[in-house]
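A.B. asks: Got a structure for you, final-v5.cif, holding mmCIF, C-alpha atoms; chains and numbers go by the auth columns.
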data_my_file
#
loop_
_atom_site.group_PDB
_atom_site.id
_atom_site.type_symbol
_atom_site.label_atom_id
_atom_site.label_comp_id
_atom_site.label_asym_id
_atom_site.label_seq_id
_atom_site.Cartn_x
_atom_site.Cartn_y
_atom_site.Cartn_z
_atom_site.B_iso_or_equiv
_atom_site.auth_seq_id
_atom_site.auth_asym_id
ATOM 1 C CA MET A 1 25.064 2.032 -5.982 0.00 1231 S
ATOM 2 C CA LYS A 2 23.617 -1.161 -4.513 0.00 1232 S
ATOM 3 C CA SER A 3 20.253 -2.310 -5.768 0.00 1233 S
ATOM 4 C CA PHE A 4 17.712 -4.406 -3.912 0.00 1234 S
ATOM 5 C CA LYS A 5 15.282 -7.003 -5.210 0.00 1235 S
ATOM 6 C CA GLY A 6 11.703 -6.468 -4.075 0.00 1236 S
ATOM 7 C CA ILE A 7 8.173 -7.299 -5.129 0.00 1237 S
ATOM 8 C CA ASP A 8 4.735 -5.798 -4.728 0.00 1238 S
ATOM 9 C CA VAL A 9 1.886 -8.233 -4.306 0.00 1239 S
ATOM 10 C CA SER A 10 -1.870 -8.328 -3.983 0.00 1240 S
ATOM 11 C CA GLY A 11 -4.694 -10.818 -3.895 0.00 1241 S
ATOM 12 C CA TYR A 12 -4.276 -11.245 -7.652 0.00 1242 S
ATOM 13 C CA GLN A 13 -1.195 -13.401 -7.005 0.00 1243 S
ATOM 14 C CA GLY A 14 -3.214 -15.747 -4.780 0.00 1244 S
ATOM 15 C CA LYS A 15 -1.558 -17.586 -1.907 0.00 1245 S
ATOM 16 C CA ILE A 16 2.191 -16.969 -1.934 0.00 1246 S
ATOM 17 C CA ASP A 17 4.859 -19.328 -0.628 0.00 1247 S
ATOM 18 C CA TRP A 18 6.950 -16.686 1.151 0.00 1248 S
ATOM 19 C CA HIS A 19 9.727 -19.120 2.084 0.00 1249 S
ATOM 20 C CA ARG A 20 10.170 -19.836 -1.624 0.00 1250 S
ATOM 21 C CA VAL A 21 10.133 -16.108 -2.365 0.00 1251 S
ATOM 22 C CA LYS A 22 12.875 -15.566 0.223 0.00 1252 S
ATOM 23 C CA LYS A 23 14.975 -18.404 -1.262 0.00 1253 S
ATOM 24 C CA ALA A 24 14.605 -16.759 -4.694 0.00 1254 S
ATOM 25 C CA GLY A 25 16.488 -13.749 -3.349 0.00 1255 S
ATOM 26 C CA VAL A 26 13.644 -11.305 -2.770 0.00 1256 S
ATOM 27 C CA GLU A 27 14.820 -8.804 -0.154 0.00 1257 S
ATOM 28 C CA PHE A 28 11.579 -6.953 0.585 0.00 1258 S
ATOM 29 C CA ALA A 29 7.878 -6.804 -0.220 0.00 1259 S
ATOM 30 C CA ILE A 30 5.243 -4.113 -0.602 0.00 1260 S
ATOM 31 C CA LEU A 31 1.747 -5.430 0.101 0.00 1261 S
ATOM 32 C CA LYS A 32 -1.572 -4.192 -1.262 0.00 1262 S
ATOM 33 C CA VAL A 33 -3.635 -3.206 1.773 0.00 1263 S
ATOM 34 C CA ILE A 34 -7.128 -2.365 0.454 0.00 1264 S
ATOM 35 C CA ARG A 35 -9.209 -2.963 -2.649 0.00 1265 S
ATOM 36 C CA LYS A 36 -11.328 -0.556 -4.656 0.00 1266 S
ATOM 37 C CA ASP A 37 -14.337 -1.375 -2.449 0.00 1267 S
ATOM 38 C CA LEU A 38 -12.201 -0.400 0.616 0.00 1268 S
ATOM 39 C CA ASN A 39 -12.236 -3.914 2.029 0.00 1269 S
ATOM 40 C CA SER A 40 -8.927 -5.445 2.988 0.00 1270 S
ATOM 41 C CA ASP A 41 -7.073 -7.013 0.068 0.00 1271 S
ATOM 42 C CA LYS A 42 -8.028 -10.693 0.016 0.00 1272 S
ATOM 43 C CA GLN A 43 -4.464 -11.817 0.755 0.00 1273 S
ATOM 44 C CA PHE A 44 -3.231 -8.892 2.873 0.00 1274 S
ATOM 45 C CA GLU A 45 -3.275 -10.674 6.237 0.00 1275 S
ATOM 46 C CA ASN A 46 -1.826 -13.878 4.744 0.00 1276 S
ATOM 47 C CA ASN A 47 0.901 -11.894 2.986 0.00 1277 S
ATOM 48 C CA TRP A 48 1.742 -9.943 6.142 0.00 1278 S
ATOM 49 C CA ALA A 49 2.005 -13.114 8.219 0.00 1279 S
ATOM 50 C CA GLY A 50 3.867 -14.953 5.465 0.00 1280 S
ATOM 51 C CA CYS A 51 6.480 -12.223 5.130 0.00 1281 S
ATOM 52 C CA LEU A 52 7.078 -12.212 8.870 0.00 1282 S
ATOM 53 C CA ALA A 53 7.332 -16.007 9.044 0.00 1283 S
ATOM 54 C CA ALA A 54 9.757 -16.205 6.116 0.00 1284 S
ATOM 55 C CA GLY A 55 11.860 -13.218 7.160 0.00 1285 S
ATOM 56 C CA VAL A 56 10.957 -11.085 4.153 0.00 1286 S
ATOM 57 C CA PRO A 57 10.995 -7.440 5.304 0.00 1287 S
ATOM 58 C CA ILE A 58 7.784 -5.537 4.617 0.00 1288 S
ATOM 59 C CA GLN A 59 8.897 -2.280 3.017 0.00 1289 S
ATOM 60 C CA GLY A 60 5.359 -0.960 3.076 0.00 1290 S
ATOM 61 C CA VAL A 61 1.791 -1.268 1.943 0.00 1291 S
ATOM 62 C CA TYR A 62 0.119 0.333 -1.021 0.00 1292 S
ATOM 63 C CA HIS A 63 -3.293 1.583 -1.956 0.00 1293 S
ATOM 64 C CA TYR A 64 -4.174 1.805 -5.652 0.00 1294 S
ATOM 65 C CA THR A 65 -6.307 4.907 -5.378 0.00 1295 S
ATOM 66 C CA TYR A 66 -9.469 5.876 -7.204 0.00 1296 S
ATOM 67 C CA ALA A 67 -9.934 9.044 -5.121 0.00 1297 S
ATOM 68 C CA THR A 68 -11.283 11.851 -7.289 0.00 1298 S
ATOM 69 C CA ASN A 69 -11.670 14.326 -4.433 0.00 1299 S
ATOM 70 C CA VAL A 70 -10.052 15.142 -1.089 0.00 1300 S
ATOM 71 C CA GLY A 71 -12.940 13.694 0.952 0.00 1301 S
ATOM 72 C CA LYS A 72 -12.628 10.302 -0.755 0.00 1302 S
ATOM 73 C CA ALA A 73 -8.851 10.316 -0.219 0.00 1303 S
ATOM 74 C CA MET A 74 -9.342 11.034 3.495 0.00 1304 S
ATOM 75 C CA GLY A 75 -11.875 8.217 3.797 0.00 1305 S
ATOM 76 C CA ASP A 76 -9.486 5.836 2.070 0.00 1306 S
ATOM 77 C CA ALA A 77 -6.685 6.869 4.438 0.00 1307 S
ATOM 78 C CA ARG A 78 -8.883 6.193 7.463 0.00 1308 S
ATOM 79 C CA LYS A 79 -9.662 2.719 6.098 0.00 1309 S
ATOM 80 C CA VAL A 80 -5.953 1.964 5.572 0.00 1310 S
ATOM 81 C CA LEU A 81 -5.240 2.968 9.172 0.00 1311 S
ATOM 82 C CA GLU A 82 -8.145 0.842 10.415 0.00 1312 S
ATOM 83 C CA ILE A 83 -6.806 -2.232 8.626 0.00 1313 S
ATOM 84 C CA LEU A 84 -3.244 -1.632 9.831 0.00 1314 S
ATOM 85 C CA GLY A 85 -4.390 -1.204 13.423 0.00 1315 S
ATOM 86 C CA GLN A 86 -2.293 0.153 16.282 0.00 1316 S
ATOM 87 C CA ASP A 87 0.657 -2.227 16.011 0.00 1317 S
ATOM 88 C CA ARG A 88 1.659 -2.031 12.334 0.00 1318 S
ATOM 89 C CA HIS A 89 3.445 1.082 11.076 0.00 1319 S
ATOM 90 C CA PRO A 90 4.770 0.456 7.573 0.00 1320 S
ATOM 91 C CA PHE A 91 5.368 3.011 4.866 0.00 1321 S
ATOM 92 C CA VAL A 92 2.114 3.673 3.020 0.00 1322 S
ATOM 93 C CA TRP A 93 2.440 4.070 -0.739 0.00 1323 S
ATOM 94 C CA LEU A 94 -0.298 5.821 -2.710 0.00 1324 S
ATOM 95 C CA ASP A 95 -0.385 4.266 -6.174 0.00 1325 S
ATOM 96 C CA TRP A 96 -1.628 7.086 -8.417 0.00 1326 S
ATOM 97 C CA GLU A 97 -1.982 5.727 -11.940 0.00 1327 S
ATOM 98 C CA ASP A 98 -5.617 4.958 -12.745 0.00 1328 S
ATOM 99 C CA LYS A 99 -6.855 6.737 -15.871 0.00 1329 S
ATOM 100 C CA SER A 100 -10.004 7.899 -14.020 0.00 1330 S
ATOM 101 C CA LEU A 101 -7.985 10.143 -11.682 0.00 1331 S
ATOM 102 C CA PRO A 102 -7.947 13.910 -12.103 0.00 1332 S
ATOM 103 C CA THR A 103 -4.902 15.829 -13.210 0.00 1333 S
ATOM 104 C CA GLY A 104 -3.545 19.286 -12.535 0.00 1334 S
ATOM 105 C CA ARG A 105 -4.533 21.289 -9.481 0.00 1335 S
ATOM 106 C CA LEU A 106 -7.222 18.860 -8.272 0.00 1336 S
ATOM 107 C CA ALA A 107 -4.724 16.007 -8.361 0.00 1337 S
ATOM 108 C CA ALA A 108 -2.275 18.076 -6.329 0.00 1338 S
ATOM 109 C CA ASP A 109 -5.005 18.969 -3.830 0.00 1339 S
ATOM 110 C CA ILE A 110 -5.923 15.313 -3.381 0.00 1340 S
ATOM 111 C CA ILE A 111 -2.316 14.163 -2.988 0.00 1341 S
ATOM 112 C CA ASN A 112 -1.198 17.042 -0.795 0.00 1342 S
ATOM 113 C CA ALA A 113 -4.339 17.756 1.199 0.00 1343 S
ATOM 114 C CA PRO A 114 -3.105 18.912 4.635 0.00 1344 S
ATOM 115 C CA ALA A 115 -6.138 17.321 6.271 0.00 1345 S
ATOM 116 C CA LEU A 116 -5.296 13.988 4.629 0.00 1346 S
ATOM 117 C CA LEU A 117 -1.657 14.208 5.655 0.00 1347 S
ATOM 118 C CA ASP A 118 -2.660 15.109 9.218 0.00 1348 S
ATOM 119 C CA LYS A 119 -4.935 12.052 9.363 0.00 1349 S
ATOM 120 C CA ILE A 120 -2.196 9.695 8.270 0.00 1350 S
ATOM 121 C CA GLY A 121 0.565 11.354 10.258 0.00 1351 S
ATOM 122 C CA GLN A 122 3.908 9.675 9.723 0.00 1352 S
ATOM 123 C CA LEU A 123 2.602 6.786 7.629 0.00 1353 S
ATOM 124 C CA ILE A 124 2.677 8.338 4.159 0.00 1354 S
ATOM 125 C CA ARG A 125 6.253 8.516 2.951 0.00 1355 S
ATOM 126 C CA HIS A 126 6.113 8.035 -0.814 0.00 1356 S
ATOM 127 C CA ILE A 127 3.709 8.653 -3.652 0.00 1357 S
ATOM 128 C CA PHE A 128 3.876 6.924 -7.041 0.00 1358 S
ATOM 129 C CA LEU A 129 3.083 9.322 -9.855 0.00 1359 S
#
Here is a file; write its structure as structure tokens.
C.D. replies:
Amino acid sequence: MKSFKGIDVSGYQGKIDWHRVKKAGVEFAILKVIRKDLNSDKQFENNWAGCLAAGVPIQGVYHYTYATNVGKAMGDARKVLEILGQDRHPFVWLDWEDKSLPTGRLAADIINAPALLDKIGQLIRHIFL
């Protein structure tokens, strides 16, 4: 089975030289889209433009969630869609790993909320657990 070399990045990496990343053999990137405060990640737009300019395919965007209820998850999803706008349609990854998140049935309700999935439509494809 063929493997692919990819990276996920956020504002924590600062300004990235995407041409250098491409030359290093990176075949795709996943970009952090929003921060905990629901503002756009500080480097999201630069990373998006840099990937396009360097020819690094954008596999998707991710949101490191702190949603502890369905309403918060829906609000976060709306913010992701607002930042992506009408012309960008990447995979959206929900990064579910923070220790503050609920477990069990509530976690399942948040992740699988039909209202949340309806809001995002075809954008959510994968969930990290």
A.B. asks: What residues come out when you apply the PyMOL selection byres ((chain S and resi 1325) around 7) to this file, written as a list in words?
C.D. replies: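 Expected selection for the PyMOL selection byres ((chain S and resi 1325) around 7) here is Tyr1292, His1293, Tyr1294, Thr1295, Trp1323, Leu1324, Trp1326, Glu1327, Ile1357 and Phe1358 of chain S.
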A.B. asks: For the file shown, what are the residues hit by the PyMOL selection byres ((chain S and resi 1280-1287) around 6), laid out as a tab-separated table (two decimals) with C-alpha atoms, in the frame of the given file?
C.D. replies:
chain	number	residue	atom	x	y	z
S	1248	TRP	CA	6.95	-16.69	1.15
S	1249	HIS	CA	9.73	-19.12	2.08
S	1258	PHE	CA	11.58	-6.95	0.58
S	1276	ASN	CA	-1.83	-13.88	4.74
S	1277	ASN	CA	0.90	-11.89	2.99
S	1278	TRP	CA	1.74	-9.94	6.14
S	1279	ALA	CA	2.00	-13.11	8.22
S	1288	ILE	CA	7.78	-5.54	4.62
A.B. asks: Please give the centre and size of the box around stretch 1252-1258 of chain S (axis-aligned, containing every atom listed in the file, 5 Å added per side), with values in Å to one decimal and written as lines of an AutoDock Vina configuration file.
C.D. replies:
center_x = 14.0
center_y = -12.7
center_z = -2.1
size_x = 14.9
size_y = 21.5
size_z = 15.3
A.B. asks: One decimal, in Å: what's the spacing between atom CA of S:Glu1275 and atom CA of S:Met1304?
C.D. replies: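 Spanning atom CA of S:Glu1275 to atom CA of S:Met1304 is a straight-line distance of 22.7 Å.
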A.B. asks: From the list S:Ala1254, S:Leu1268, S:Ala1259, S:Ala1307, which residue is nearest S:Ile1237 when using all atoms listed in the file?
C.D. replies: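 Going through S:Ala1254, S:Leu1268, S:Ala1259, S:Ala1307 one by one, the smallest distance to S:Ile1237 is for S:Ala1259.
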A.B. asks: Can you tell me, as a list in words, what residues are no more than 10 Å from S:Ser1270 when counting only C-alpha atoms, ignoring any on the same chain fewer than 4 positions away?
C.D. replies: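 Returned residues: Gly1241, Lys1262, Val1263, Ile1264, Arg1265, Lys1266, Phe1274, Glu1275, Lys1309, Val1310, Glu1312, Ile1313 and Leu1314 of chain S.
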A.B. asks: Select, from S:Leu1336, S:Gly1290, S:Gln1273, S:Leu1331, the residue with the minimum atom-to-atom distance to S:Gln1243, counting only C-alpha atoms.
C.D. replies: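 Ranking S:Leu1336, S:Gly1290, S:Gln1273, S:Leu1331 by distance to S:Gln1243, first place goes to S:Gln1273.
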A.B. asks: Which residue gives the smallest distance to S:Lys1329 among S:Leu1261, S:Val1256, S:Ala1303, S:Ala1297, with all atoms listed in the file counted?
C.D. replies: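 Answer, going by the shortest atom-to-atom distance: S:Ala1297.
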A.B. asks: I'd like to know which of S:Asp1267, S:Val1291, S:Ile1246, S:Ile1341 is closest to S:Leu1311, using all atoms listed in the file.
C.D. replies: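 Nearest candidate to S:Leu1311 out of S:Asp1267, S:Val1291, S:Ile1246, S:Ile1341: S:Val1291.
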A.B. asks: Skipping near chain neighbours, those fewer than 6 positions away, what residues fall within 10 Å of S:Lys1302 using only C-alpha atoms, listed as a count of residues only?
C.D. replies: 5
A.B. asks: Taking all atoms listed in the file into account, name the residue in S:Gly1244, S:Val1239, S:Asp1271, S:Gln1289 that is nearest to S:Glu1257.
C.D. replies: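 Closest residue, counting all atoms listed in the file: S:Gln1289.
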A.B. asks: What is the distance between atom CA of S:Pro1320 and atom CA of S:Val1300, in Å to one decimal?
C.D. replies: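 Result for atom CA of S:Pro1320 versus atom CA of S:Val1300: 22.6 Å, one decimal.
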A.B. asks: Can you save stretch 1313-1345 of chain S of the given block to a file, including N, CA and C atoms and formatted as a PDB file, in the first residue's frame?
C.D. replies:
ATOM      1  N   ILE S1313     -15.592  31.297   7.516  1.00  0.00           N
ATOM      2  CA  ILE S1313     -14.189  31.539   7.157  1.00  0.00           C
ATOM      3  C   ILE S1313     -13.864  30.938   5.795  1.00  0.00           C
ATOM      4  N   LEU S1314     -14.383  29.758   5.507  1.00  0.00           N
ATOM      5  CA  LEU S1314     -14.108  29.120   4.218  1.00  0.00           C
ATOM      6  C   LEU S1314     -14.764  29.868   3.067  1.00  0.00           C
ATOM      7  N   GLY S1315     -15.909  30.469   3.314  1.00  0.00           N
ATOM      8  CA  GLY S1315     -16.605  31.204   2.263  1.00  0.00           C
ATOM      9  C   GLY S1315     -17.231  30.278   1.229  1.00  0.00           C
ATOM     10  N   GLN S1316     -17.692  30.861   0.143  1.00  0.00           N
ATOM     11  CA  GLN S1316     -18.429  30.120  -0.885  1.00  0.00           C
ATOM     12  C   GLN S1316     -17.531  29.343  -1.846  1.00  0.00           C
ATOM     13  N   ASP S1317     -16.265  29.729  -1.956  1.00  0.00           N
ATOM     14  CA  ASP S1317     -15.416  29.170  -2.997  1.00  0.00           C
ATOM     15  C   ASP S1317     -14.456  28.078  -2.544  1.00  0.00           C
ATOM     16  N   ARG S1318     -14.354  27.842  -1.245  1.00  0.00           N
ATOM     17  CA  ARG S1318     -13.427  26.813  -0.750  1.00  0.00           C
ATOM     18  C   ARG S1318     -14.244  25.678  -0.146  1.00  0.00           C
ATOM     19  N   HIS S1319     -13.950  24.457  -0.605  1.00  0.00           N
ATOM     20  CA  HIS S1319     -14.729  23.287  -0.170  1.00  0.00           C
ATOM     21  C   HIS S1319     -13.831  22.115   0.209  1.00  0.00           C
ATOM     22  N   PRO S1320     -12.937  22.321   1.175  1.00  0.00           N
ATOM     23  CA  PRO S1320     -12.059  21.218   1.564  1.00  0.00           C
ATOM     24  C   PRO S1320     -12.771  20.246   2.503  1.00  0.00           C
ATOM     25  N   PHE S1321     -12.133  19.110   2.744  1.00  0.00           N
ATOM     26  CA  PHE S1321     -12.581  18.262   3.845  1.00  0.00           C
ATOM     27  C   PHE S1321     -12.463  19.086   5.117  1.00  0.00           C
ATOM     28  N   VAL S1322     -13.361  18.858   6.066  1.00  0.00           N
ATOM     29  CA  VAL S1322     -13.261  19.499   7.372  1.00  0.00           C
ATOM     30  C   VAL S1322     -13.060  18.398   8.400  1.00  0.00           C
ATOM     31  N   TRP S1323     -11.950  18.476   9.116  1.00  0.00           N
ATOM     32  CA  TRP S1323     -11.613  17.489  10.136  1.00  0.00           C
ATOM     33  C   TRP S1323     -11.947  18.067  11.502  1.00  0.00           C
ATOM     34  N   LEU S1324     -12.642  17.309  12.318  1.00  0.00           N
ATOM     35  CA  LEU S1324     -12.940  17.702  13.691  1.00  0.00           C
ATOM     36  C   LEU S1324     -11.936  16.993  14.587  1.00  0.00           C
ATOM     37  N   ASP S1325     -11.049  17.740  15.190  1.00  0.00           N
ATOM     38  CA  ASP S1325     -10.001  17.185  16.041  1.00  0.00           C
ATOM     39  C   ASP S1325     -10.554  17.084  17.462  1.00  0.00           C
ATOM     40  N   TRP S1326     -10.903  15.884  17.862  1.00  0.00           N
ATOM     41  CA  TRP S1326     -11.567  15.613  19.140  1.00  0.00           C
ATOM     42  C   TRP S1326     -10.570  14.957  20.072  1.00  0.00           C
ATOM     43  N   GLU S1327      -9.836  15.752  20.850  1.00  0.00           N
ATOM     44  CA  GLU S1327      -8.844  15.158  21.741  1.00  0.00           C
ATOM     45  C   GLU S1327      -8.650  15.913  23.044  1.00  0.00           C
ATOM     46  N   ASP S1328      -9.226  17.109  23.172  1.00  0.00           N
ATOM     47  CA  ASP S1328      -9.011  17.888  24.381  1.00  0.00           C
ATOM     48  C   ASP S1328      -9.596  17.174  25.594  1.00  0.00           C
ATOM     49  N   LYS S1329      -8.870  17.219  26.698  1.00  0.00           N
ATOM     50  CA  LYS S1329      -9.299  16.519  27.918  1.00  0.00           C
ATOM     51  C   LYS S1329     -10.593  17.091  28.511  1.00  0.00           C
ATOM     52  N   SER S1330     -10.966  18.316  28.128  1.00  0.00           N
ATOM     53  CA  SER S1330     -12.178  18.934  28.669  1.00  0.00           C
ATOM     54  C   SER S1330     -13.453  18.407  28.003  1.00  0.00           C
ATOM     55  N   LEU S1331     -13.311  17.653  26.921  1.00  0.00           N
ATOM     56  CA  LEU S1331     -14.485  17.204  26.166  1.00  0.00           C
ATOM     57  C   LEU S1331     -15.211  16.065  26.866  1.00  0.00           C
ATOM     58  N   PRO S1332     -16.534  16.014  26.696  1.00  0.00           N
ATOM     59  CA  PRO S1332     -17.297  14.936  27.312  1.00  0.00           C
ATOM     60  C   PRO S1332     -17.009  13.598  26.634  1.00  0.00           C
ATOM     61  N   THR S1333     -17.439  12.556  27.294  1.00  0.00           N
ATOM     62  CA  THR S1333     -17.302  11.213  26.747  1.00  0.00           C
ATOM     63  C   THR S1333     -18.687  10.575  26.677  1.00  0.00           C
ATOM     64  N   GLY S1334     -18.740   9.364  26.199  1.00  0.00           N
ATOM     65  CA  GLY S1334     -19.978   8.610  26.188  1.00  0.00           C
ATOM     66  C   GLY S1334     -21.034   9.194  25.276  1.00  0.00           C
ATOM     67  N   ARG S1335     -22.279   9.103  25.716  1.00  0.00           N
ATOM     68  CA  ARG S1335     -23.425   9.493  24.904  1.00  0.00           C
ATOM     69  C   ARG S1335     -23.371  10.967  24.492  1.00  0.00           C
ATOM     70  N   LEU S1336     -23.000  11.855  25.405  1.00  0.00           N
ATOM     71  CA  LEU S1336     -22.945  13.279  25.060  1.00  0.00           C
ATOM     72  C   LEU S1336     -21.919  13.525  23.952  1.00  0.00           C
ATOM     73  N   ALA S1337     -20.794  12.859  24.041  1.00  0.00           N
ATOM     74  CA  ALA S1337     -19.788  12.993  22.976  1.00  0.00           C
ATOM     75  C   ALA S1337     -20.367  12.534  21.643  1.00  0.00           C
ATOM     76  N   ALA S1338     -21.046  11.422  21.641  1.00  0.00           N
ATOM     77  CA  ALA S1338     -21.663  10.919  20.407  1.00  0.00           C
ATOM     78  C   ALA S1338     -22.703  11.896  19.882  1.00  0.00           C
ATOM     79  N   ASP S1339     -23.494  12.473  20.775  1.00  0.00           N
ATOM     80  CA  ASP S1339     -24.508  13.447  20.350  1.00  0.00           C
ATOM     81  C   ASP S1339     -23.863  14.669  19.708  1.00  0.00           C
ATOM     82  N   ILE S1340     -22.776  15.130  20.295  1.00  0.00           N
ATOM     83  CA  ILE S1340     -22.086  16.305  19.741  1.00  0.00           C
ATOM     84  C   ILE S1340     -21.520  15.978  18.368  1.00  0.00           C
ATOM     85  N   ILE S1341     -20.830  14.856  18.257  1.00  0.00           N
ATOM     86  CA  ILE S1341     -20.179  14.478  17.000  1.00  0.00           C
ATOM     87  C   ILE S1341     -21.206  14.159  15.912  1.00  0.00           C
ATOM     88  N   ASN S1342     -22.266  13.495  16.284  1.00  0.00           N
ATOM     89  CA  ASN S1342     -23.218  12.993  15.295  1.00  0.00           C
ATOM     90  C   ASN S1342     -24.513  13.782  15.190  1.00  0.00           C
ATOM     91  N   ALA S1343     -24.570  14.924  15.823  1.00  0.00           N
ATOM     92  CA  ALA S1343     -25.805  15.709  15.833  1.00  0.00           C
ATOM     93  C   ALA S1343     -26.317  15.934  14.408  1.00  0.00           C
ATOM     94  N   PRO S1344     -27.495  15.406  14.081  1.00  0.00           N
ATOM     95  CA  PRO S1344     -28.035  15.600  12.721  1.00  0.00           C
ATOM     96  C   PRO S1344     -28.123  17.072  12.335  1.00  0.00           C
ATOM     97  N   ALA S1345     -28.467  17.927  13.274  1.00  0.00           N
ATOM     98  CA  ALA S1345     -28.552  19.354  12.948  1.00  0.00           C
ATOM     99  C   ALA S1345     -27.179  19.891  12.568  1.00  0.00           C
TER     100      ALA S1345
END
